[in-house]
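Engineer: Dropping a structure here in structure tokens format, bear with me for questions.
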Amino acid sequence: MLGNYSKHKSSSKKKYPAFIEELCRQFSLEDVRKSTNNFDEERIIGGTEFSIVYKGYLNHNGETDYPIALKGMRNIVFDEWKFKKEIELNCQLRHPNLTSFIGFCDHKDERILVYEYMLNGSVYDHLRLRDNESLSWKKRFEICIGAAKGLHYLHTGAKRAIFHCDIKPQNILLDKSMVPKLSHLGFSIQEKVSKSKPKPVKAEILIFGAFGYTAPECVRTNAFTEKCDVYSFGSFLERFPADEIIDPILMRSIAPRCLEVFVDIMQRCLKYDPNERPTMGEVEVELEHALALHEEADCCR
């Protein structure tokens, strides 16, 4: 069970701000045990060095056997810090391109986050597994646009900008309708309040982003701005269609002008100088432009 991953002892009674209790459910350990058939190993659907994820079922929104994903923290260095951060952010944020947060369980060594289950896994799953149904160009654009909207919301939708700090295909999930949802906000940080020009925010702990997705300035300083997320998103765009671009059959299914717009915004996101990178709002607009060009070309065929 989840408790096997940590021997660090903590109080069974932890205080959370009142707004957290109002905006999400706090589950008992018995609740989550029951929902996962006592943490049955066959219910494990993923995990990292920091967490293990189970599929479970509970009564929610009037539905019985409502599918959920339960993420248990299992690293004694990061678990409490990431756990509280993820709860606080998820309770404040509401957007169709962010994972839907249901609640949490905090009982002694057990720290478990409860989310709506994403039926179609992650974008990484679809890029990695050859037996998955190939994604059409239109669907790829829609996924990229949805993810861009979620990230744009993090940067502009709260009183202080939120930097995700860990954008990669594994953290972009797909629901039953293939709508993309940004997940894993545990490493996210908020911009500090300042009357002067915003400055990079130093992370509270050393953050190791995924290799190939972390902006060069973050590697040097461990300090973040919204342009660091933009770089990571550009790396995501670079990898997302890569397998298909070299496929001559699929290449013929996309208009050259559409691909040109896509590649241009991707390359701008990956500029070495952060000041030369676009905002996520600009990225969203350009991707929608590319999709419109693709649909227009389809209609003319």
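Ligands are numbered from 1 in the order shown, chains are lettered A, B, ... in the order of the structure tokens, and residues start at 1 in each chain.
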If we count only C-alpha atoms, what is near segment 268-283 of chain A at a cut-off of 10 Å, once residues fewer than 6 positions away on the same chain are taken out, given as a ChimeraX atom specification?
Structural biologist: /A:144-145,148-156,213,215-217,225-235,237-238,262,289
Engineer: Put those residues in a file: N, CA and C atoms, as a compact mmCIF listing (two decimals), in the first residue's frame.
Structural biologist:
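Contents of out_33.txt, as written:
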# COMPACT_ATOMS: atom_id res chain seq x y z
N CYS A 144 -2.64 20.27 -28.94
CA CYS A 144 -1.66 21.33 -28.70
C CYS A 144 -2.35 22.63 -28.28
N ILE A 145 -3.46 22.96 -28.94
CA ILE A 145 -4.19 24.19 -28.62
C ILE A 145 -4.77 24.11 -27.22
N ALA A 148 -2.08 24.54 -24.72
CA ALA A 148 -1.65 25.95 -24.71
C ALA A 148 -2.63 26.81 -23.93
N LYS A 149 -3.93 26.53 -24.07
CA LYS A 149 -4.95 27.29 -23.34
C LYS A 149 -4.81 27.07 -21.84
N GLY A 150 -4.56 25.83 -21.44
CA GLY A 150 -4.37 25.55 -20.02
C GLY A 150 -3.17 26.28 -19.45
N LEU A 151 -2.08 26.29 -20.19
CA LEU A 151 -0.87 26.97 -19.72
C LEU A 151 -1.04 28.48 -19.73
N HIS A 152 -1.73 29.00 -20.74
CA HIS A 152 -2.03 30.43 -20.79
C HIS A 152 -2.86 30.85 -19.57
N TYR A 153 -3.81 30.00 -19.20
CA TYR A 153 -4.63 30.27 -18.01
C TYR A 153 -3.78 30.33 -16.75
N LEU A 154 -2.84 29.39 -16.60
CA LEU A 154 -1.96 29.42 -15.44
C LEU A 154 -1.17 30.73 -15.37
N HIS A 155 -0.74 31.22 -16.52
CA HIS A 155 0.08 32.43 -16.55
C HIS A 155 -0.73 33.70 -16.32
N THR A 156 -2.02 33.69 -16.66
CA THR A 156 -2.79 34.94 -16.63
C THR A 156 -4.11 34.87 -15.87
N TYR A 213 13.38 19.28 -21.91
CA TYR A 213 12.21 20.16 -21.83
C TYR A 213 12.47 21.41 -20.98
N ALA A 215 14.14 24.90 -19.86
CA ALA A 215 14.79 26.06 -20.46
C ALA A 215 16.22 26.19 -19.96
N PRO A 216 17.16 26.60 -20.82
CA PRO A 216 18.58 26.66 -20.42
C PRO A 216 18.82 27.57 -19.22
N GLU A 217 18.07 28.67 -19.11
CA GLU A 217 18.29 29.57 -17.98
C GLU A 217 17.86 28.94 -16.65
N THR A 225 10.48 31.97 -14.96
CA THR A 225 9.53 32.97 -15.45
C THR A 225 8.54 32.24 -16.35
N GLU A 226 7.54 32.94 -16.83
CA GLU A 226 6.58 32.30 -17.74
C GLU A 226 7.27 31.83 -19.02
N LYS A 227 8.37 32.50 -19.40
CA LYS A 227 9.06 32.13 -20.62
C LYS A 227 9.78 30.78 -20.49
N CYS A 228 10.01 30.32 -19.27
CA CYS A 228 10.56 28.97 -19.07
C CYS A 228 9.52 27.93 -19.47
N ASP A 229 8.26 28.15 -19.08
CA ASP A 229 7.18 27.27 -19.50
C ASP A 229 7.02 27.30 -21.02
N VAL A 230 7.19 28.48 -21.61
CA VAL A 230 7.07 28.60 -23.07
C VAL A 230 8.11 27.73 -23.76
N TYR A 231 9.33 27.75 -23.24
CA TYR A 231 10.39 26.91 -23.82
C TYR A 231 10.01 25.43 -23.71
N SER A 232 9.54 25.02 -22.53
CA SER A 232 9.14 23.62 -22.35
C SER A 232 8.02 23.25 -23.31
N PHE A 233 7.09 24.18 -23.51
CA PHE A 233 5.98 23.91 -24.43
C PHE A 233 6.51 23.80 -25.86
N GLY A 234 7.49 24.60 -26.22
CA GLY A 234 8.09 24.49 -27.54
C GLY A 234 8.75 23.13 -27.74
N SER A 235 9.39 22.61 -26.69
CA SER A 235 9.99 21.27 -26.75
C SER A 235 8.91 20.21 -26.94
N LEU A 237 6.00 20.75 -28.47
CA LEU A 237 5.55 20.87 -29.86
C LEU A 237 6.55 20.19 -30.80
N GLU A 238 7.82 20.32 -30.49
CA GLU A 238 8.87 19.75 -31.34
C GLU A 238 8.77 18.23 -31.39
N PHE A 262 3.11 26.21 -37.95
CA PHE A 262 3.38 25.38 -36.77
C PHE A 262 4.86 25.39 -36.42
N HIS A 289 -4.42 29.40 -35.71
CA HIS A 289 -4.24 29.81 -37.10
C HIS A 289 -3.81 28.61 -37.95
Engineer: Step one, run DSSP on the backbone; step two, keep only residues of segment 51-298 of chain A assigned to strand (DSSP E); then write them as an MDAnalysis selection string.
Structural biologist: chainID A and resid 51:60 63:73 101:107 110:116 162:163 172:174 180:182 189:190 201:202 223:224
Engineer: For a quick check of understanding, using only C-alpha atoms, which of A:Ile172, A:Met178, A:Leu287, A:Ile162 has the smallest distance to Pro200 of chain A?
Structural biologist: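 For Pro200 of chain A, the nearest of the candidates is A:Ile162.
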Engineer: Considering only C-alpha atoms, can you say which of A:Thr214, A:Asn38, A:Ser188, A:Asn222 comes closest to Leu89 of chain A?
Structural biologist: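 Closest to Leu89 of chain A of all the choices is A:Ser188.
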Engineer: Tell me which protein, DNA and RNA residues are within 10 Å of Lys82 of chain A, counting only C-alpha atoms, leaving out same-chain ones fewer than 6 positions away, and put them as a ChimeraX atom specification.
Structural biologist: /A:50,73,75,184-188
Engineer: Taking the DSSP assignment computed from this structure's backbone, write out as an MDAnalysis selection string all residues of segment 113-164 of chain A that belong to helix (DSSP H, G or I).
Structural biologist: chainID A and resid 123:128 137:156
Engineer: Rounded to one decimal, what separation in Å do you get between atom CA of Leu23 of chain A and atom CA of Lys159 of chain A?
Structural biologist: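 Separation of atom CA of Leu23 of chain A and atom CA of Lys159 of chain A: 18.3 Å.
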